[in-house]
$ cat start35.cif   # mmCIF, C-alpha atoms
data_upload
#
loop_
_atom_site.label_atom_id
_atom_site.label_comp_id
_atom_site.auth_asym_id
_atom_site.auth_seq_id
_atom_site.Cartn_x
_atom_site.Cartn_y
_atom_site.Cartn_z
CA MET A 1296 0.00 0.00 0.00
CA ARG A 1297 2.73 2.39 0.98
CA SER A 1298 4.75 1.40 -2.08
CA ASN A 1299 1.81 2.15 -4.36
CA PHE A 1300 1.28 5.52 -2.67
CA ALA A 1301 4.97 6.37 -3.03
CA ARG A 1302 4.93 5.52 -6.75
CA LYS A 1303 1.91 7.72 -7.34
CA ARG A 1304 3.46 10.54 -5.34
CA ASN A 1305 6.75 10.32 -7.28
CA GLN A 1306 4.83 10.23 -10.55
CA PHE A 1307 2.84 13.30 -9.58
CA ILE A 1308 6.01 15.19 -8.60
CA ALA A 1309 7.77 14.22 -11.84
CA PHE A 1310 4.81 15.20 -14.05
CA SER A 1311 4.46 18.47 -12.14
CA ILE A 1312 8.10 19.30 -12.86
CA PHE A 1313 7.59 18.50 -16.55
CA ARG A 1314 4.47 20.69 -16.73
CA ALA A 1315 6.29 23.53 -14.98
CA ALA A 1316 9.15 23.28 -17.47
CA ILE A 1317 6.68 23.44 -20.38
CA TYR A 1318 4.86 26.44 -18.91
CA LEU A 1319 8.16 28.18 -18.22
CA ASN A 1320 9.28 27.73 -21.82
CA VAL A 1321 5.93 28.95 -23.17
CA VAL A 1322 6.03 32.03 -20.94
CA ALA A 1323 9.64 32.79 -21.88
CA LEU A 1324 8.80 32.48 -25.58
CA ALA A 1325 5.73 34.69 -25.20
CA VAL A 1326 7.71 37.36 -23.34
CA PHE A 1327 10.48 37.29 -25.95
CA VAL A 1328 8.16 37.48 -28.95
CA GLY A 1329 5.97 40.08 -27.24
CA PHE A 1330 8.95 42.28 -26.43
CA ILE A 1331 10.20 42.18 -30.02
CA ALA A 1332 6.69 42.77 -31.39
CA ILE A 1333 5.91 45.73 -29.09
CA ASN A 1334 9.18 47.47 -29.92
CA GLY A 1335 9.25 46.62 -33.62
CA ILE A 1336 5.66 46.83 -34.83
CA SER A 1337 5.88 50.61 -35.26
CA ALA A 1338 8.57 50.16 -37.92
CA ILE A 1339 6.61 47.67 -40.04
CA SER A 1340 5.09 49.25 -43.12
CA TRP A 1341 4.90 48.62 -46.85
CA GLU A 1342 7.77 51.04 -47.39
CA PHE A 1343 9.85 49.27 -44.73
CA LEU A 1344 9.39 45.91 -46.44
CA THR A 1345 9.85 47.03 -50.06
CA GLN A 1346 12.35 49.91 -50.07
CA HIS A 1347 16.13 50.22 -49.78
CA PRO A 1348 17.71 51.80 -46.68
CA ARG A 1349 18.36 55.53 -46.88
CA ARG A 1350 20.10 58.30 -44.92
CA SER A 1351 22.72 56.16 -43.14
CA MET A 1352 20.17 53.40 -42.47
CA THR A 1353 17.88 55.73 -40.47
CA GLU A 1354 15.12 55.72 -43.11
CA GLY A 1355 13.78 53.50 -45.86
CA GLY A 1356 13.36 49.76 -45.70
CA ILE A 1357 15.06 46.39 -45.63
CA TRP A 1358 14.08 44.85 -48.97
CA PRO A 1359 17.69 43.98 -49.94
CA CYS A 1360 18.15 42.34 -46.53
CA ILE A 1361 15.03 40.19 -46.98
CA VAL A 1362 16.09 39.04 -50.44
CA GLY A 1363 19.66 38.37 -49.30
CA THR A 1364 18.50 36.33 -46.29
CA VAL A 1365 16.19 34.18 -48.44
CA TYR A 1366 18.91 33.63 -51.06
CA ILE A 1367 21.62 32.63 -48.62
CA SER A 1368 19.30 30.41 -46.55
CA LEU A 1369 18.12 28.50 -49.62
CA GLY A 1370 21.68 28.37 -50.95
CA SER A 1371 22.97 26.82 -47.73
CA ILE A 1372 20.25 24.14 -47.86
CA LEU A 1373 21.07 23.35 -51.49
CA VAL A 1374 24.65 22.76 -50.35
CA ALA A 1375 24.04 20.94 -47.07
CA PHE A 1376 20.99 18.76 -47.75
CA PRO A 1377 22.38 16.58 -50.59
CA LEU A 1378 25.76 16.24 -48.86
CA GLY A 1379 24.17 15.51 -45.50
CA VAL A 1380 21.75 12.90 -46.85
CA GLY A 1381 24.50 11.24 -48.89
CA THR A 1382 26.78 11.07 -45.86
CA ALA A 1383 23.98 9.67 -43.70
CA ILE A 1384 23.18 6.98 -46.31
CA TYR A 1385 26.79 5.89 -46.43
CA LEU A 1386 27.22 5.80 -42.65
CA ASN A 1387 23.96 3.98 -41.96
CA GLU A 1388 23.64 1.68 -44.96
CA PHE A 1389 27.07 0.98 -46.44
CA SER A 1390 29.83 1.66 -43.91
CA GLY A 1391 29.20 -1.53 -41.92
CA GLY A 1392 30.11 0.08 -38.60
CA GLY A 1393 33.61 -0.36 -37.30
CA ARG A 1394 36.25 1.93 -35.92
CA TRP A 1395 36.41 4.44 -38.74
CA THR A 1396 32.66 4.87 -38.78
CA ARG A 1397 32.69 5.62 -35.05
CA ILE A 1398 35.48 8.15 -35.57
CA ILE A 1399 33.54 9.87 -38.37
CA ARG A 1400 30.40 10.05 -36.22
CA MET A 1401 32.41 11.47 -33.33
CA GLY A 1402 33.83 14.11 -35.67
CA ILE A 1403 30.35 15.06 -36.84
CA ILE A 1404 29.16 15.41 -33.24
CA ASN A 1405 32.16 17.60 -32.41
CA LEU A 1406 31.59 19.77 -35.48
CA ALA A 1407 28.02 20.41 -34.32
CA GLY A 1408 29.42 22.06 -31.19
CA VAL A 1409 31.95 24.35 -32.89
CA PRO A 1410 31.07 28.07 -32.43
CA SER A 1411 29.61 29.72 -35.51
CA VAL A 1412 32.35 32.37 -35.61
CA VAL A 1413 34.89 29.59 -36.25
CA TYR A 1414 32.93 28.58 -39.34
CA GLY A 1415 32.95 32.22 -40.41
CA LEU A 1416 36.74 32.39 -40.13
CA PHE A 1417 37.03 29.07 -42.00
CA GLY A 1418 34.83 30.43 -44.78
CA LEU A 1419 36.92 33.60 -44.95
CA ALA A 1420 40.20 31.70 -45.17
CA PHE A 1421 39.09 28.91 -47.52
CA PHE A 1422 36.23 30.12 -49.72
CA VAL A 1423 36.84 33.88 -49.81
CA LEU A 1424 40.65 33.97 -49.93
CA TYR A 1425 42.03 30.56 -50.92
CA LEU A 1426 39.40 29.76 -53.58
CA ASN A 1427 39.22 33.47 -54.49
CA MET A 1428 35.41 33.66 -54.38
CA GLY A 1429 35.50 37.01 -52.62
CA VAL A 1430 32.74 38.24 -50.35
CA SER A 1431 29.80 36.76 -52.21
CA LEU A 1432 26.54 34.87 -52.02
CA LEU A 1433 28.35 31.69 -53.10
CA ALA A 1434 30.99 31.91 -50.36
CA GLY A 1435 28.36 32.65 -47.73
CA SER A 1436 26.09 29.80 -48.87
CA LEU A 1437 28.98 27.32 -48.80
CA THR A 1438 30.02 28.50 -45.33
CA LEU A 1439 26.50 28.26 -43.95
CA GLY A 1440 26.10 24.90 -45.67
CA VAL A 1441 29.16 23.56 -43.85
CA PHE A 1442 27.83 25.09 -40.63
CA ILE A 1443 24.48 23.26 -40.73
CA LEU A 1444 25.88 20.07 -42.28
CA PRO A 1445 26.30 18.20 -38.93
CA LEU A 1446 22.66 18.93 -38.10
CA ILE A 1447 21.48 17.61 -41.47
CA ILE A 1448 23.63 14.48 -41.19
CA GLY A 1449 22.40 13.70 -37.68
CA SER A 1450 18.72 14.11 -38.51
CA ALA A 1451 19.04 12.18 -41.80
CA GLU A 1452 20.84 9.27 -40.15
CA GLU A 1453 18.22 9.12 -37.41
CA ALA A 1454 15.49 9.03 -40.07
CA LEU A 1455 17.22 6.12 -41.81
CA ARG A 1456 17.55 4.21 -38.54
CA ASN A 1457 13.81 4.58 -37.96
CA VAL A 1458 12.95 2.76 -41.21
CA PRO A 1459 11.99 -0.82 -40.24
CA GLN A 1460 14.61 -3.43 -41.04
CA SER A 1461 11.85 -5.54 -42.63
CA TYR A 1462 11.76 -3.09 -45.56
CA ARG A 1463 15.37 -3.89 -46.38
CA GLU A 1464 15.00 -7.63 -45.84
CA ALA A 1465 11.90 -7.86 -48.04
CA SER A 1466 13.54 -5.91 -50.86
CA LEU A 1467 16.73 -7.96 -50.77
CA ALA A 1468 14.70 -11.18 -50.64
CA LEU A 1469 12.97 -10.18 -53.89
CA GLY A 1470 16.34 -9.89 -55.63
CA ALA A 1471 16.99 -6.15 -55.40
CA THR A 1472 20.55 -4.96 -54.96
CA LYS A 1473 21.69 -3.07 -51.90
CA TRP A 1474 21.59 0.24 -53.78
CA GLN A 1475 18.15 -0.45 -55.26
CA THR A 1476 16.87 -1.25 -51.76
CA VAL A 1477 18.21 2.00 -50.37
CA TYR A 1478 17.12 4.13 -53.33
CA ARG A 1479 13.63 2.70 -53.89
CA MET A 1480 12.59 1.56 -50.41
CA VAL A 1481 14.59 3.06 -47.56
CA LEU A 1482 15.14 6.60 -48.82
CA PRO A 1483 11.49 7.35 -49.77
CA ALA A 1484 10.35 6.08 -46.37
CA ALA A 1485 12.90 8.22 -44.53
CA LEU A 1486 12.57 11.38 -46.65
CA PRO A 1487 9.71 13.05 -44.74
CA SER A 1488 11.66 12.76 -41.47
CA MET A 1489 14.79 14.04 -43.20
CA LEU A 1490 12.87 17.17 -44.14
CA THR A 1491 12.46 17.89 -40.41
CA GLY A 1492 16.22 18.29 -40.23
CA MET A 1493 16.10 20.51 -43.29
CA ILE A 1494 13.52 22.72 -41.55
CA LEU A 1495 15.79 23.08 -38.54
CA GLY A 1496 18.70 23.83 -40.87
CA VAL A 1497 16.78 26.61 -42.65
CA SER A 1498 15.85 28.17 -39.31
CA ARG A 1499 19.42 28.09 -38.06
CA ALA A 1500 20.93 29.34 -41.30
CA ALA A 1501 18.54 32.28 -41.61
CA GLY A 1502 19.37 33.63 -38.15
CA GLU A 1503 23.17 33.32 -38.15
CA THR A 1504 25.42 36.38 -38.25
CA ALA A 1505 29.00 35.22 -37.69
CA PRO A 1506 29.31 32.82 -40.65
CA ILE A 1507 28.14 35.45 -43.15
CA MET A 1508 29.72 38.62 -41.78
CA PHE A 1509 33.12 37.50 -43.12
CA THR A 1510 31.95 35.78 -46.30
CA ALA A 1511 28.80 37.29 -47.82
CA ALA A 1512 27.17 40.21 -46.02
CA VAL A 1513 28.10 43.88 -46.36
CA PHE A 1514 27.02 47.04 -44.55
CA TYR A 1515 25.18 48.36 -47.60
CA THR A 1516 24.70 47.54 -51.25
CA GLY A 1517 22.38 49.38 -53.57
CA LYS A 1518 21.39 46.40 -55.71
CA ILE A 1519 19.69 43.06 -55.38
CA PRO A 1520 22.15 40.20 -56.05
CA SER A 1521 21.88 39.00 -59.63
CA SER A 1522 24.77 36.53 -59.48
CA ILE A 1523 26.14 34.03 -56.97
CA PHE A 1524 29.33 36.12 -56.93
CA ASP A 1525 27.54 39.30 -55.75
CA GLU A 1526 27.74 40.46 -52.15
CA ILE A 1527 24.47 40.72 -50.24
CA MET A 1528 22.73 42.39 -47.36
CA ALA A 1529 21.20 40.06 -44.76
CA MET A 1530 18.86 40.73 -41.87
CA PRO A 1531 20.98 39.18 -39.06
CA TYR A 1532 24.01 41.23 -40.09
CA HIS A 1533 21.85 44.30 -40.67
CA ILE A 1534 20.55 44.08 -37.10
CA TYR A 1535 24.11 43.68 -35.81
CA VAL A 1536 25.31 46.71 -37.75
CA LEU A 1537 22.42 48.92 -36.63
CA ALA A 1538 22.83 47.88 -32.99
CA THR A 1539 26.61 48.09 -32.69
CA ALA A 1540 28.33 49.85 -35.56
CA GLY A 1541 25.81 52.35 -36.87
CA THR A 1542 26.28 56.08 -36.67
CA HIS A 1543 22.75 56.70 -35.34
CA ILE A 1544 22.13 53.75 -33.02
CA ASP A 1545 19.43 55.41 -30.92
CA GLN A 1546 17.58 56.73 -33.98
CA THR A 1547 17.47 53.27 -35.53
CA ARG A 1548 16.32 51.39 -32.43
CA HIS A 1549 12.82 50.82 -33.81
CA LEU A 1550 14.33 49.68 -37.12
CA GLN A 1551 16.44 47.12 -35.27
CA TYR A 1552 13.39 45.62 -33.59
CA GLY A 1553 11.38 45.87 -36.81
CA THR A 1554 14.06 43.95 -38.70
CA ALA A 1555 14.18 41.33 -35.94
CA LEU A 1556 10.40 40.96 -36.08
CA THR A 1557 10.50 40.59 -39.86
CA LEU A 1558 13.25 37.98 -39.56
CA MET A 1559 11.10 35.97 -37.15
CA PHE A 1560 8.19 35.98 -39.59
CA LEU A 1561 10.49 35.13 -42.50
CA VAL A 1562 11.90 32.11 -40.66
CA LEU A 1563 8.36 31.10 -39.73
CA GLY A 1564 7.31 31.36 -43.39
CA LEU A 1565 10.25 29.26 -44.58
CA ASN A 1566 9.49 26.66 -41.92
CA LEU A 1567 5.80 26.52 -42.86
CA ALA A 1568 6.67 26.05 -46.53
CA ALA A 1569 9.03 23.19 -45.67
CA ILE A 1570 6.42 21.62 -43.34
CA LEU A 1571 3.79 21.72 -46.10
CA VAL A 1572 6.19 19.97 -48.49
CA ARG A 1573 6.96 17.35 -45.84
CA ASN A 1574 3.30 16.71 -45.09
CA LYS A 1575 2.53 16.37 -48.79
CA LEU A 1576 5.26 13.75 -49.14
CA GLN A 1577 3.98 11.90 -46.08
CA ARG A 1578 0.48 11.71 -47.55
CA ARG A 1579 1.85 10.26 -50.79
CA LEU A 1580 3.64 7.57 -48.84
#
$ encode --input "start35.cif" --output "structure tokens"
Amino acid sequence: MRSNFARKRNQFIAFSIFRAAIYLNVVALAVFVGFIAINGISAISWEFLTQHPRRSMTEGGIWPCIVGTVYISLGSILVAFPLGVGTAIYLNEFSGGGRWTRIIRMGIINLAGVPSVVYGLFGLAFFVLYLNMGVSLLAGSLTLGVFILPLIIGSAEEALRNVPQSYREASLALGATKWQTVYRMVLPAALPSMLTGMILGVSRAAGETAPIMFTAAVFYTGKIPSSIFDEIMAMPYHIYVLATAGTHIDQTRHLQYGTALTLMFLVLGLNLAAILVRNKLQRRL
């Protein structure tokens, strides 16, 4: 009797802690979003969203920053997603385990914990200077792609592990090769879950400053990028510049919050688009 009472009491305490943690996170998120919205909503207007900055960034809009952020986020995914999925397929389906596979996985885990500024310095040294790409959309996309690659690999490999082993056994029993089994059975079943990692990658890429401040983003450019070798403006770097290096920091305070609010909605929009694609694929399967 006492043992049963103690189990119920411990269960109640544990669930109460979990509920409190959930409520705390929800409240923290609401406070954060509310603070940004209250301070930035006054800056949001059609002109703000469609015009170029003017008068030392104190007037005008952030249209070049929006376009640059979308371009570099999509560019990083185009780089990271195929490489990440290919790496995950090799590690999970073809490597056979062993020492070298464990070392590679350990390296991927360690890369996921490297500070973003280190990736920025790597991109500057390798893509911008050594490969002579200059400060450009291409260099920034490659740098961000490398930055989110460990996340894509981890989520893709987890998706492959969640595919039932019976799929593979049935395909091989019918005479399919190992590659045909992976390509026609395992990969389609794992793809919707892989897109979850892609969604997280888009969110992370769109909000990063350090990897692009050395490789792609500039203080101001008067044109929308028309080539992968053009430099860009991006919202994370724009916020950083207005808040720390601008000549009229106090005058642009509402623009800083307005840009942050726009960035939040942009990331939300990119995530929703990716979620819709994922759900459509899941329904087909």
$ atom_distance --input "start35.cif" --atom1 "atom CA of Ala1454 of chain A" --atom2 "atom CA of Arg1394 of chain A"
22.3 Å
$ closest_residue --input "start35.cif" --among "A:Leu1444, A:Met1528, A:Val1322, A:Ala1316" --to "Val1362 of chain A" --atoms "only C-alpha atoms"
A:Met1528
$ atom_distance --input "start35.cif" --atom1 "atom CA of Thr1557 of chain A" --atom2 "atom CA of Val1326 of chain A"
17.1 Å
$ resolve_selection --input "start35.cif" --expression "the PyMOL selection byres ((chain A and resi 1518-1523) around 12)" --output "ChimeraX atom specification"
/A:1345-1348,1357-1367,1370,1428-1437,1511-1513,1515-1517,1524-1529
$ resolve_selection --input "start35.cif" --expression "the PyMOL selection byres ((chain A and resi 1399) around 12)" --output "compact mmCIF listing (two decimals) with C-alpha atoms, in the coordinates of the input"
# COMPACT_ATOMS: atom_id res chain seq x y z
CA THR A 1382 26.78 11.07 -45.86
CA ALA A 1383 23.98 9.67 -43.70
CA TYR A 1385 26.79 5.89 -46.43
CA LEU A 1386 27.22 5.80 -42.65
CA ASN A 1387 23.96 3.98 -41.96
CA SER A 1390 29.83 1.66 -43.91
CA GLY A 1392 30.11 0.08 -38.60
CA GLY A 1393 33.61 -0.36 -37.30
CA ARG A 1394 36.25 1.93 -35.92
CA TRP A 1395 36.41 4.44 -38.74
CA THR A 1396 32.66 4.87 -38.78
CA ARG A 1397 32.69 5.62 -35.05
CA ILE A 1398 35.48 8.15 -35.57
CA ARG A 1400 30.40 10.05 -36.22
CA MET A 1401 32.41 11.47 -33.33
CA GLY A 1402 33.83 14.11 -35.67
CA ILE A 1403 30.35 15.06 -36.84
CA ILE A 1404 29.16 15.41 -33.24
CA ASN A 1405 32.16 17.60 -32.41
CA LEU A 1406 31.59 19.77 -35.48
CA PRO A 1445 26.30 18.20 -38.93
CA ILE A 1448 23.63 14.48 -41.19
CA GLY A 1449 22.40 13.70 -37.68
$ resolve_selection --input "start35.cif" --expression "the PyMOL selection byres ((chain A and resi 1565) around 10)" --output "ChimeraX atom specification"
/A:1365,1368-1369,1494,1497-1498,1501,1560-1564,1566-1570
$ closest_residue --input "start35.cif" --among "A:Thr1510, A:Ile1447, A:Val1412, A:Val1477" --to "Asn1427 of chain A" --atoms "all atoms listed in the file"
A:Thr1510
$ residues_near_point --input "start35.cif" --point "(10.0, 42.9, -29.8)" --cutoff "10 Å" --atoms "all atoms listed in the file" --output "list in words"
Val1326, Phe1327, Val1328, Gly1329, Phe1330, Ile1331, Ala1332, Ile1333, Asn1334, Gly1335, Ile1336, His1549, Gln1551, Tyr1552, Gly1553, Thr1554, Ala1555 and Leu1556 of chain A
$ atom_distance --input "start35.cif" --atom1 "atom CA of Thr1438 of chain A" --atom2 "atom CA of Phe1421 of chain A"
9.3 Å
$ closest_residue --input "start35.cif" --among "A:Ser1488, A:Thr1547, A:Ser1466, A:Ser1371" --to "Leu1439 of chain A" --atoms "only C-alpha atoms"
A:Ser1371
$ closest_residue --input "start35.cif" --among "A:Ile1317, A:Met1352, A:Leu1455, A:Ile1308" --to "Ile1534 of chain A" --atoms "all atoms listed in the file"
A:Met1352
$ closest_residue --input "start35.cif" --among "A:Arg1499, A:Val1481, A:Leu1319, A:Gly1355" --to "Arg1456 of chain A" --atoms "only C-alpha atoms"
A:Val1481
$ closest_residue --input "start35.cif" --among "A:Val1409, A:Ile1507, A:Val1458, A:Ile1443" --to "Leu1373 of chain A" --atoms "only C-alpha atoms"
A:Ile1443
$ residues_near_point --input "start35.cif" --point "(5.3, 15.5, -43.7)" --cutoff "10 Å" --atoms "all atoms listed in the file" --output "list in words"
Leu1486, Pro1487, Ser1488, Met1489, Leu1490, Thr1491, Ala1569, Ile1570, Leu1571, Val1572, Arg1573, Asn1574, Lys1575, Leu1576, Gln1577, Arg1578, Arg1579 and Leu1580 of chain A
$ build_atoms --input "start35.cif" --residues "segment 1477-1503 of chain A" --atoms "N, CA, C and O atoms" --output "PDB file, in the frame of the given file"
ATOM      1  N   VAL A1477      18.091   0.700 -51.027  1.00  0.00           N
ATOM      2  CA  VAL A1477      18.210   2.000 -50.370  1.00  0.00           C
ATOM      3  C   VAL A1477      17.480   3.072 -51.169  1.00  0.00           C
ATOM      4  O   VAL A1477      16.732   3.889 -50.605  1.00  0.00           O
ATOM      5  N   TYR A1478      17.664   3.072 -52.487  1.00  0.00           N
ATOM      6  CA  TYR A1478      17.120   4.130 -53.330  1.00  0.00           C
ATOM      7  C   TYR A1478      15.601   4.054 -53.465  1.00  0.00           C
ATOM      8  O   TYR A1478      14.914   5.077 -53.450  1.00  0.00           O
ATOM      9  N   ARG A1479      15.055   2.837 -53.590  1.00  0.00           N
ATOM     10  CA  ARG A1479      13.630   2.700 -53.890  1.00  0.00           C
ATOM     11  C   ARG A1479      12.772   2.404 -52.657  1.00  0.00           C
ATOM     12  O   ARG A1479      11.557   2.616 -52.697  1.00  0.00           O
ATOM     13  N   MET A1480      13.374   1.930 -51.578  1.00  0.00           N
ATOM     14  CA  MET A1480      12.590   1.560 -50.410  1.00  0.00           C
ATOM     15  C   MET A1480      12.924   2.403 -49.180  1.00  0.00           C
ATOM     16  O   MET A1480      12.048   3.020 -48.572  1.00  0.00           O
ATOM     17  N   VAL A1481      14.195   2.428 -48.816  1.00  0.00           N
ATOM     18  CA  VAL A1481      14.590   3.060 -47.560  1.00  0.00           C
ATOM     19  C   VAL A1481      14.512   4.588 -47.649  1.00  0.00           C
ATOM     20  O   VAL A1481      13.922   5.240 -46.782  1.00  0.00           O
ATOM     21  N   LEU A1482      15.091   5.140 -48.704  1.00  0.00           N
ATOM     22  CA  LEU A1482      15.140   6.600 -48.820  1.00  0.00           C
ATOM     23  C   LEU A1482      13.765   7.242 -48.921  1.00  0.00           C
ATOM     24  O   LEU A1482      13.497   8.229 -48.219  1.00  0.00           O
ATOM     25  N   PRO A1483      12.829   6.737 -49.748  1.00  0.00           N
ATOM     26  CA  PRO A1483      11.490   7.350 -49.770  1.00  0.00           C
ATOM     27  C   PRO A1483      10.788   7.283 -48.418  1.00  0.00           C
ATOM     28  O   PRO A1483      10.064   8.216 -48.042  1.00  0.00           O
ATOM     29  N   ALA A1484      10.986   6.190 -47.677  1.00  0.00           N
ATOM     30  CA  ALA A1484      10.350   6.080 -46.370  1.00  0.00           C
ATOM     31  C   ALA A1484      10.949   7.042 -45.355  1.00  0.00           C
ATOM     32  O   ALA A1484      10.258   7.514 -44.445  1.00  0.00           O
ATOM     33  N   ALA A1485      12.227   7.348 -45.495  1.00  0.00           N
ATOM     34  CA  ALA A1485      12.900   8.220 -44.530  1.00  0.00           C
ATOM     35  C   ALA A1485      12.835   9.694 -44.911  1.00  0.00           C
ATOM     36  O   ALA A1485      13.093  10.559 -44.066  1.00  0.00           O
ATOM     37  N   LEU A1486      12.505  10.005 -46.172  1.00  0.00           N
ATOM     38  CA  LEU A1486      12.570  11.380 -46.650  1.00  0.00           C
ATOM     39  C   LEU A1486      11.731  12.376 -45.858  1.00  0.00           C
ATOM     40  O   LEU A1486      12.216  13.472 -45.533  1.00  0.00           O
ATOM     41  N   PRO A1487      10.480  12.073 -45.518  1.00  0.00           N
ATOM     42  CA  PRO A1487       9.710  13.050 -44.740  1.00  0.00           C
ATOM     43  C   PRO A1487      10.377  13.434 -43.408  1.00  0.00           C
ATOM     44  O   PRO A1487      10.367  14.595 -43.021  1.00  0.00           O
ATOM     45  N   SER A1488      10.961  12.453 -42.727  1.00  0.00           N
ATOM     46  CA  SER A1488      11.660  12.760 -41.470  1.00  0.00           C
ATOM     47  C   SER A1488      12.940  13.542 -41.729  1.00  0.00           C
ATOM     48  O   SER A1488      13.332  14.382 -40.914  1.00  0.00           O
ATOM     49  N   MET A1489      13.591  13.275 -42.858  1.00  0.00           N
ATOM     50  CA  MET A1489      14.790  14.040 -43.200  1.00  0.00           C
ATOM     51  C   MET A1489      14.463  15.519 -43.394  1.00  0.00           C
ATOM     52  O   MET A1489      15.275  16.395 -43.087  1.00  0.00           O
ATOM     53  N   LEU A1490      13.258  15.790 -43.914  1.00  0.00           N
ATOM     54  CA  LEU A1490      12.870  17.170 -44.140  1.00  0.00           C
ATOM     55  C   LEU A1490      12.714  17.937 -42.822  1.00  0.00           C
ATOM     56  O   LEU A1490      12.807  19.160 -42.805  1.00  0.00           O
ATOM     57  N   THR A1491      12.480  17.225 -41.721  1.00  0.00           N
ATOM     58  CA  THR A1491      12.460  17.890 -40.410  1.00  0.00           C
ATOM     59  C   THR A1491      13.824  18.495 -40.112  1.00  0.00           C
ATOM     60  O   THR A1491      13.916  19.625 -39.626  1.00  0.00           O
ATOM     61  N   GLY A1492      14.877  17.743 -40.396  1.00  0.00           N
ATOM     62  CA  GLY A1492      16.220  18.290 -40.230  1.00  0.00           C
ATOM     63  C   GLY A1492      16.483  19.455 -41.146  1.00  0.00           C
ATOM     64  O   GLY A1492      17.166  20.421 -40.768  1.00  0.00           O
ATOM     65  N   MET A1493      15.940  19.392 -42.366  1.00  0.00           N
ATOM     66  CA  MET A1493      16.100  20.510 -43.290  1.00  0.00           C
ATOM     67  C   MET A1493      15.408  21.762 -42.750  1.00  0.00           C
ATOM     68  O   MET A1493      15.927  22.873 -42.872  1.00  0.00           O
ATOM     69  N   ILE A1494      14.240  21.587 -42.141  1.00  0.00           N
ATOM     70  CA  ILE A1494      13.520  22.720 -41.550  1.00  0.00           C
ATOM     71  C   ILE A1494      14.354  23.374 -40.462  1.00  0.00           C
ATOM     72  O   ILE A1494      14.486  24.605 -40.389  1.00  0.00           O
ATOM     73  N   LEU A1495      14.934  22.548 -39.596  1.00  0.00           N
ATOM     74  CA  LEU A1495      15.790  23.080 -38.540  1.00  0.00           C
ATOM     75  C   LEU A1495      17.014  23.780 -39.135  1.00  0.00           C
ATOM     76  O   LEU A1495      17.461  24.808 -38.620  1.00  0.00           O
ATOM     77  N   GLY A1496      17.544  23.211 -40.222  1.00  0.00           N
ATOM     78  CA  GLY A1496      18.700  23.830 -40.870  1.00  0.00           C
ATOM     79  C   GLY A1496      18.377  25.189 -41.452  1.00  0.00           C
ATOM     80  O   GLY A1496      19.168  26.135 -41.334  1.00  0.00           O
ATOM     81  N   VAL A1497      17.209  25.322 -42.100  1.00  0.00           N
ATOM     82  CA  VAL A1497      16.780  26.610 -42.650  1.00  0.00           C
ATOM     83  C   VAL A1497      16.658  27.645 -41.528  1.00  0.00           C
ATOM     84  O   VAL A1497      17.115  28.788 -41.661  1.00  0.00           O
ATOM     85  N   SER A1498      16.040  27.247 -40.429  1.00  0.00           N
ATOM     86  CA  SER A1498      15.850  28.170 -39.310  1.00  0.00           C
ATOM     87  C   SER A1498      17.189  28.647 -38.772  1.00  0.00           C
ATOM     88  O   SER A1498      17.374  29.835 -38.486  1.00  0.00           O
ATOM     89  N   ARG A1499      18.115  27.713 -38.617  1.00  0.00           N
ATOM     90  CA  ARG A1499      19.420  28.090 -38.060  1.00  0.00           C
ATOM     91  C   ARG A1499      20.216  28.939 -39.023  1.00  0.00           C
ATOM     92  O   ARG A1499      20.871  29.901 -38.626  1.00  0.00           O
ATOM     93  N   ALA A1500      20.172  28.593 -40.310  1.00  0.00           N
ATOM     94  CA  ALA A1500      20.930  29.340 -41.300  1.00  0.00           C
ATOM     95  C   ALA A1500      20.426  30.772 -41.430  1.00  0.00           C
ATOM     96  O   ALA A1500      21.215  31.715 -41.554  1.00  0.00           O
ATOM     97  N   ALA A1501      19.107  30.955 -41.398  1.00  0.00           N
ATOM     98  CA  ALA A1501      18.540  32.280 -41.610  1.00  0.00           C
ATOM     99  C   ALA A1501      18.889  33.242 -40.488  1.00  0.00           C
ATOM    100  O   ALA A1501      18.945  34.463 -40.709  1.00  0.00           O
ATOM    101  N   GLY A1502      19.132  32.739 -39.283  1.00  0.00           N
ATOM    102  CA  GLY A1502      19.370  33.630 -38.150  1.00  0.00           C
ATOM    103  C   GLY A1502      20.822  33.825 -37.782  1.00  0.00           C
ATOM    104  O   GLY A1502      21.119  34.531 -36.807  1.00  0.00           O
ATOM    105  N   GLU A1503      21.762  33.235 -38.521  1.00  0.00           N
ATOM    106  CA  GLU A1503      23.170  33.320 -38.150  1.00  0.00           C
ATOM    107  C   GLU A1503      23.826  34.592 -38.690  1.00  0.00           C
ATOM    108  O   GLU A1503      23.550  35.022 -39.814  1.00  0.00           O
TER     109      GLU A1503
END
